[in-house]
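Here the structure comes first, spelled out in C-alpha coordinates, and everything after it is commentary.
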Amino acid sequence: MKRTTQAVLIATTLATALTASLFSPAADAAPSRHGSPTVPKRVALTPRDFGERIPLALDTGNYPDQPASVGQYCDVTGNGAEGTEPRPLGGRQWNWLTADQRTSVTEVVTVWGDAAHAFDQVVSDTGYCRYAALDYPNYTPQVVFDGTTFVASWDGTVVLTTQVDRSLVSVSITGDGSAGDLSERGLHLLDRAVARTDRANI
(Lines give C-alpha, C1' and ligand atoms only; values in the text may rest on other atoms or scores of the structure.)
Protein backbone atom coordinates (compact mmCIF):
# COMPACT_ATOMS: atom_id res chain seq x y z
CA MET A 1 0.00 0.00 0.00
CA LYS A 2 1.24 3.50 -0.72
CA ARG A 3 2.47 5.24 2.40
CA THR A 4 0.20 8.24 1.68
CA THR A 5 -2.86 6.03 1.40
CA GLN A 6 -1.95 4.17 4.57
CA ALA A 7 -1.50 7.42 6.47
CA VAL A 8 -4.86 8.73 5.24
CA LEU A 9 -6.54 5.44 6.16
CA ILE A 10 -5.16 5.53 9.69
CA ALA A 11 -6.08 9.19 10.12
CA THR A 12 -9.61 8.62 8.81
CA THR A 13 -10.18 5.62 11.08
CA LEU A 14 -8.93 7.50 14.13
CA ALA A 15 -11.05 10.53 13.28
CA THR A 16 -14.11 8.34 12.99
CA ALA A 17 -13.49 6.70 16.36
CA LEU A 18 -12.96 10.05 18.05
CA THR A 19 -15.94 11.86 16.52
CA ALA A 20 -17.73 12.47 19.78
CA SER A 21 -14.68 14.01 21.42
CA LEU A 22 -14.31 16.61 18.66
CA PHE A 23 -17.39 18.53 19.74
CA SER A 24 -16.68 21.52 21.95
CA PRO A 25 -18.34 21.23 25.39
CA ALA A 26 -19.39 24.88 25.24
CA ALA A 27 -21.14 26.31 28.27
CA ASP A 28 -24.08 27.41 26.13
CA ALA A 29 -24.40 24.06 24.35
CA ALA A 30 -27.92 22.82 23.78
CA PRO A 31 -29.34 20.72 26.62
CA SER A 32 -29.76 16.98 26.30
CA ARG A 33 -32.48 16.16 23.78
CA HIS A 34 -34.82 13.66 25.36
CA GLY A 35 -36.72 11.64 22.81
CA SER A 36 -34.29 12.48 20.01
CA PRO A 37 -34.79 10.54 16.75
CA THR A 38 -33.41 7.00 16.72
CA VAL A 39 -31.38 5.67 13.80
CA PRO A 40 -32.01 1.89 13.78
CA LYS A 41 -29.36 -0.74 13.18
CA ARG A 42 -31.16 -1.93 10.05
CA VAL A 43 -30.01 1.25 8.30
CA ALA A 44 -26.40 0.02 8.41
CA LEU A 45 -24.74 -1.50 5.36
CA THR A 46 -24.33 -5.29 5.24
CA PRO A 47 -21.91 -7.80 3.70
CA ARG A 48 -24.35 -8.16 0.79
CA ASP A 49 -23.93 -4.45 0.08
CA PHE A 50 -20.14 -4.73 0.22
CA GLY A 51 -20.00 -7.92 -1.82
CA GLU A 52 -17.63 -9.29 0.80
CA ARG A 53 -17.44 -9.66 4.56
CA ILE A 54 -15.80 -6.60 6.10
CA PRO A 55 -15.52 -6.57 9.91
CA LEU A 56 -17.43 -3.88 11.77
CA ALA A 57 -14.90 -1.72 13.65
CA LEU A 58 -17.23 0.89 15.18
CA ASP A 59 -20.89 1.51 15.92
CA THR A 60 -21.40 4.74 17.86
CA GLY A 61 -24.96 3.88 18.77
CA ASN A 62 -27.49 6.69 18.75
CA TYR A 63 -25.71 9.91 19.56
CA PRO A 64 -26.95 13.30 18.31
CA ASP A 65 -23.60 15.06 18.04
CA GLN A 66 -22.38 13.43 14.85
CA PRO A 67 -20.76 15.20 11.92
CA ALA A 68 -22.78 14.98 8.72
CA SER A 69 -19.92 13.04 7.16
CA VAL A 70 -16.45 11.66 7.71
CA GLY A 71 -13.73 14.27 7.32
CA GLN A 72 -15.54 17.13 9.01
CA TYR A 73 -13.90 18.74 12.04
CA CYS A 74 -16.32 19.69 14.79
CA ASP A 75 -14.24 21.70 17.27
CA VAL A 76 -15.62 25.23 16.81
CA THR A 77 -12.61 26.71 18.57
CA GLY A 78 -10.54 25.85 15.52
CA ASN A 79 -12.76 25.21 12.49
CA GLY A 80 -14.10 28.69 11.73
CA ALA A 81 -17.67 28.01 12.90
CA GLU A 82 -19.48 30.33 15.32
CA GLY A 83 -20.90 27.48 17.36
CA THR A 84 -24.49 28.56 16.81
CA GLU A 85 -24.99 26.58 13.61
CA PRO A 86 -27.68 23.87 13.61
CA ARG A 87 -26.66 20.46 14.91
CA PRO A 88 -28.30 17.06 14.36
CA LEU A 89 -31.33 15.99 16.38
CA GLY A 90 -30.07 12.41 16.19
CA GLY A 91 -27.45 10.35 14.46
CA ARG A 92 -25.39 7.20 14.23
CA GLN A 93 -22.32 6.04 12.38
CA TRP A 94 -20.68 2.76 11.54
CA ASN A 95 -17.15 2.03 10.37
CA TRP A 96 -15.88 -1.14 8.69
CA LEU A 97 -12.22 -1.99 8.18
CA THR A 98 -10.93 -4.84 6.05
CA ALA A 99 -8.71 -7.41 7.73
CA ASP A 100 -5.71 -6.30 5.68
CA GLN A 101 -6.48 -2.68 6.68
CA ARG A 102 -6.40 -1.59 3.05
CA THR A 103 -9.98 -0.33 2.91
CA SER A 104 -12.16 1.57 5.37
CA VAL A 105 -15.85 2.36 4.87
CA THR A 106 -17.92 4.66 7.08
CA GLU A 107 -21.65 5.31 6.97
CA VAL A 108 -23.11 8.29 8.82
CA VAL A 109 -26.85 8.94 9.16
CA THR A 110 -27.96 12.16 10.85
CA VAL A 111 -31.46 13.53 11.47
CA TRP A 112 -32.09 17.29 11.29
CA GLY A 113 -34.75 19.88 11.98
CA ASP A 114 -34.11 21.20 8.46
CA ALA A 115 -32.22 18.60 6.44
CA ALA A 116 -32.23 20.68 3.26
CA HIS A 117 -30.46 23.52 5.08
CA ALA A 118 -28.04 21.05 6.68
CA PHE A 119 -27.18 19.66 3.23
CA ASP A 120 -26.60 23.17 1.90
CA GLN A 121 -24.19 23.79 4.78
CA VAL A 122 -22.30 20.59 3.96
CA VAL A 123 -21.96 21.77 0.35
CA SER A 124 -20.84 25.29 1.31
CA ASP A 125 -18.74 24.06 4.26
CA THR A 126 -20.42 26.55 6.58
CA GLY A 127 -21.95 24.23 9.20
CA TYR A 128 -20.99 23.43 12.76
CA CYS A 129 -18.61 20.76 11.43
CA ARG A 130 -16.32 21.61 8.52
CA TYR A 131 -13.79 20.10 6.13
CA ALA A 132 -11.55 23.08 5.41
CA ALA A 133 -10.01 23.30 8.88
CA LEU A 134 -8.09 20.05 8.34
CA ASP A 135 -6.48 21.17 5.08
CA TYR A 136 -6.74 17.83 3.26
CA PRO A 137 -4.21 17.31 0.45
CA ASN A 138 -5.84 17.68 -2.98
CA TYR A 139 -9.26 18.36 -1.43
CA THR A 140 -11.86 18.57 -4.20
CA PRO A 141 -15.57 19.28 -3.52
CA GLN A 142 -18.30 18.99 -6.15
CA VAL A 143 -22.06 18.65 -6.40
CA VAL A 144 -23.43 16.03 -8.80
CA PHE A 145 -26.72 14.49 -9.94
CA ASP A 146 -28.57 17.78 -10.36
CA GLY A 147 -27.40 19.09 -7.02
CA THR A 148 -28.64 16.15 -4.96
CA THR A 149 -25.30 14.60 -3.99
CA PHE A 150 -22.19 16.22 -2.55
CA VAL A 151 -18.88 14.53 -3.27
CA ALA A 152 -15.67 15.47 -1.46
CA SER A 153 -12.39 13.77 -2.28
CA TRP A 154 -8.83 14.03 -1.10
CA ASP A 155 -5.83 11.72 -1.28
CA GLY A 156 -7.13 8.19 -0.82
CA THR A 157 -10.65 9.14 0.35
CA VAL A 158 -14.01 9.88 -1.27
CA VAL A 159 -17.08 11.00 0.72
CA LEU A 160 -20.60 11.11 -0.76
CA THR A 161 -23.51 12.78 1.04
CA THR A 162 -27.18 13.23 0.13
CA GLN A 163 -30.53 14.06 1.72
CA VAL A 164 -33.27 11.51 2.46
CA ASP A 165 -36.35 13.29 3.84
CA ARG A 166 -35.22 14.79 7.15
CA SER A 167 -31.96 12.85 7.22
CA LEU A 168 -28.55 13.20 5.66
CA VAL A 169 -26.89 9.97 4.57
CA SER A 170 -23.16 9.89 3.97
CA VAL A 171 -20.78 7.12 2.92
CA SER A 172 -17.01 7.42 2.77
CA ILE A 173 -14.46 5.00 1.43
CA THR A 174 -10.72 5.19 1.99
CA GLY A 175 -8.25 2.88 0.26
CA ASP A 176 -6.24 2.13 -2.83
CA GLY A 177 -7.42 3.17 -6.26
CA SER A 178 -8.16 6.34 -8.15
CA ALA A 179 -10.74 8.90 -7.04
CA GLY A 180 -12.95 7.65 -9.87
CA ASP A 181 -12.75 4.03 -8.70
CA LEU A 182 -13.43 5.01 -5.09
CA SER A 183 -16.32 7.22 -6.18
CA GLU A 184 -17.91 4.39 -8.13
CA ARG A 185 -17.68 2.04 -5.15
CA GLY A 186 -18.85 4.75 -2.79
CA LEU A 187 -21.84 5.62 -4.96
CA HIS A 188 -22.94 1.98 -4.97
CA LEU A 189 -22.79 1.91 -1.19
CA LEU A 190 -24.53 5.27 -0.88
CA ASP A 191 -27.40 3.98 -3.01
CA ARG A 192 -27.76 1.01 -0.67
CA ALA A 193 -27.58 3.20 2.44
CA VAL A 194 -30.16 5.61 1.00
CA ALA A 195 -32.56 2.77 0.25
CA ARG A 196 -32.19 1.41 3.79
CA THR A 197 -32.71 4.84 5.33
CA ASP A 198 -35.74 5.49 3.17
CA ARG A 199 -37.32 2.19 4.22
CA ALA A 200 -36.62 2.94 7.90
CA ASN A 201 -38.76 6.10 7.66
CA ILE A 202 -36.78 7.82 10.39
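Starting from 1 in every chain, residues are counted up; chains themselves are A, B, ... following the order of the C-alpha coordinates, and ligands are numbered from 1 as listed.
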For stretch 84-196 of chain A against stretch 49-55 of chain A, with a cut-off of 8 Å and counting only C-alpha atoms, what is the closest atom pair and its distance in Å to one decimal for every residue that makes the cut, ordered by chain and number, as CSV?
```
residue,atom,partner,partner_atom,distance
A:Trp96,CA,A:Pro55,CA,5.6
A:Leu97,CA,A:Pro55,CA,5.9
A:Thr98,CA,A:Ile54,CA,5.2
A:Ala99,CA,A:Pro55,CA,7.2
A:Leu189,CA,A:Asp49,CA,6.6
A:Arg192,CA,A:Asp49,CA,6.7
```
Query raised in the report: DSSP on the backbone: what in stretch 31-148 of chain A comes out alpha helix (DSSP H), as a VMD selection string?
Result: chain A and resid 47 to 50 115 to 124
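Among the candidate residues A:Ala68, A:Ala193, A:Val144, A:Leu182, the one lying nearest to A:Tyr131 is A:Ala68, with distances computed using only C-alpha atoms.
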Report task. Compile the contact shell of A:Gly113 as number ranges by chain: residues with an atom at most 8 Å away, counting only C-alpha atoms, same-chain residues fewer than 2 positions apart removed. Result -> A: 88-89, 111, 115, 166
Requested in this report: Enumerate the residues of chain A with a DSSP assignment of strand (DSSP E or B), computed from the backbone, and present them as a ChimeraX atom specification.
Outcome: /A:56-59,73,90-97,104-111,130,140-144,149-154,157-164,167-174
Report task. Check the smallest atom-to-atom distance from each of A:Val70, A:Leu187, A:Ala81, A:Ala118 to A:Gln93 using only C-alpha atoms, then report the winner. Result -> A:Val70
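Residues surrounding stretch 176-178 of chain A within 7 Å are Thr5, Arg102, Gly156, Asp181 and Leu182 of chain A [only C-alpha atoms; sequence separation below 3 positions excluded].
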If you keep all heavy atoms, can you produce a file of those selected residues as an mmCIF file, in the first residue's frame?
```
data_model
loop_
_atom_site.group_PDB
_atom_site.id
_atom_site.type_symbol
_atom_site.label_atom_id
_atom_site.label_comp_id
_atom_site.auth_asym_id
_atom_site.auth_seq_id
_atom_site.Cartn_x
_atom_site.Cartn_y
_atom_site.Cartn_z
ATOM 1 N N THR A 5 -1.553 6.638 1.208
ATOM 2 C CA THR A 5 -2.863 6.033 1.401
ATOM 3 C C THR A 5 -2.977 5.427 2.788
ATOM 4 O O THR A 5 -4.004 5.542 3.450
ATOM 5 C CB THR A 5 -3.109 4.946 0.339
ATOM 6 O OG1 THR A 5 -3.008 5.535 -0.948
ATOM 7 C CG2 THR A 5 -4.487 4.329 0.516
ATOM 8 N N ARG A 102 -6.610 -2.332 4.296
ATOM 9 C CA ARG A 102 -6.399 -1.590 3.047
ATOM 10 C C ARG A 102 -7.603 -0.721 2.691
ATOM 11 O O ARG A 102 -7.473 0.218 1.893
ATOM 12 C CB ARG A 102 -6.099 -2.554 1.898
ATOM 13 C CG ARG A 102 -4.803 -3.332 2.063
ATOM 14 C CD ARG A 102 -4.596 -4.302 0.910
ATOM 15 N NE ARG A 102 -4.313 -3.613 -0.342
ATOM 16 C CZ ARG A 102 -3.085 -3.282 -0.741
ATOM 17 N NH1 ARG A 102 -2.038 -3.529 0.018
ATOM 18 N NH2 ARG A 102 -2.898 -2.675 -1.894
ATOM 19 N N GLY A 156 -6.764 9.488 -1.374
ATOM 20 C CA GLY A 156 -7.129 8.187 -0.823
ATOM 21 C C GLY A 156 -8.520 8.084 -0.239
ATOM 22 O O GLY A 156 -8.896 7.020 0.251
ATOM 23 N N ASP A 181 -12.423 5.385 -9.168
ATOM 24 C CA ASP A 181 -12.750 4.032 -8.702
ATOM 25 C C ASP A 181 -13.417 4.082 -7.325
ATOM 26 O O ASP A 181 -14.411 3.394 -7.077
ATOM 27 C CB ASP A 181 -11.482 3.180 -8.628
ATOM 28 C CG ASP A 181 -10.909 2.854 -9.994
ATOM 29 O OD1 ASP A 181 -11.669 2.935 -10.981
ATOM 30 O OD2 ASP A 181 -9.711 2.532 -10.076
ATOM 31 N N LEU A 182 -12.857 4.892 -6.434
ATOM 32 C CA LEU A 182 -13.425 5.006 -5.088
ATOM 33 C C LEU A 182 -14.818 5.617 -5.150
ATOM 34 O O LEU A 182 -15.729 5.199 -4.414
ATOM 35 C CB LEU A 182 -12.516 5.846 -4.195
ATOM 36 C CG LEU A 182 -11.161 5.236 -3.840
ATOM 37 C CD1 LEU A 182 -10.308 6.236 -3.064
ATOM 38 C CD2 LEU A 182 -11.325 3.950 -3.025
#
```
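Considering only C-alpha atoms, the residue among A:Leu58, A:Ile202, A:Ala152, A:Ala179 positioned nearest to A:Val164 is A:Ile202.
Within 12 Å of A:Asn201, once only C-alpha atoms are used and residues closer than 5 positions along the same chain are dropped, the contacting residues are Pro37, Thr38, Val39, Pro40, Arg42, Val43, Val111, Val164, Asp165, Arg166, Ser167, Val194, Ala195 and Arg196 of chain A.
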Which residues, written as a PDB file with N, CA and C atoms, in the first residue's frame, have at least one atom at most 7 Å from A:Thr174, with only C-alpha atoms counted and residues fewer than 3 positions away on the same chain left out?
```pdb
ATOM      1  N   LEU A   9      -5.661   6.453   5.603  1.00  0.00           N
ATOM      2  CA  LEU A   9      -6.544   5.439   6.159  1.00  0.00           C
ATOM      3  C   LEU A   9      -6.495   5.454   7.680  1.00  0.00           C
ATOM      4  N   THR A 103      -8.764  -1.062   3.250  1.00  0.00           N
ATOM      5  CA  THR A 103      -9.978  -0.327   2.910  1.00  0.00           C
ATOM      6  C   THR A 103     -10.801  -0.060   4.160  1.00  0.00           C
ATOM      7  N   SER A 104     -11.272   1.179   4.282  1.00  0.00           N
ATOM      8  CA  SER A 104     -12.157   1.573   5.375  1.00  0.00           C
ATOM      9  C   SER A 104     -13.412   2.197   4.786  1.00  0.00           C
ATOM     10  N   VAL A 105     -14.569   1.802   5.310  1.00  0.00           N
ATOM     11  CA  VAL A 105     -15.849   2.363   4.870  1.00  0.00           C
ATOM     12  C   VAL A 105     -16.588   2.887   6.101  1.00  0.00           C
ATOM     13  N   GLY A 156      -6.764   9.488  -1.374  1.00  0.00           N
ATOM     14  CA  GLY A 156      -7.129   8.187  -0.823  1.00  0.00           C
ATOM     15  C   GLY A 156      -8.520   8.084  -0.239  1.00  0.00           C
ATOM     16  N   THR A 157      -9.318   9.152  -0.271  1.00  0.00           N
ATOM     17  CA  THR A 157     -10.649   9.140   0.347  1.00  0.00           C
ATOM     18  C   THR A 157     -11.668   9.830  -0.542  1.00  0.00           C
ATOM     19  N   VAL A 158     -12.864   9.241  -0.613  1.00  0.00           N
ATOM     20  CA  VAL A 158     -14.010   9.882  -1.268  1.00  0.00           C
ATOM     21  C   VAL A 158     -15.194   9.803  -0.318  1.00  0.00           C
TER      22      VAL A 158
END
```
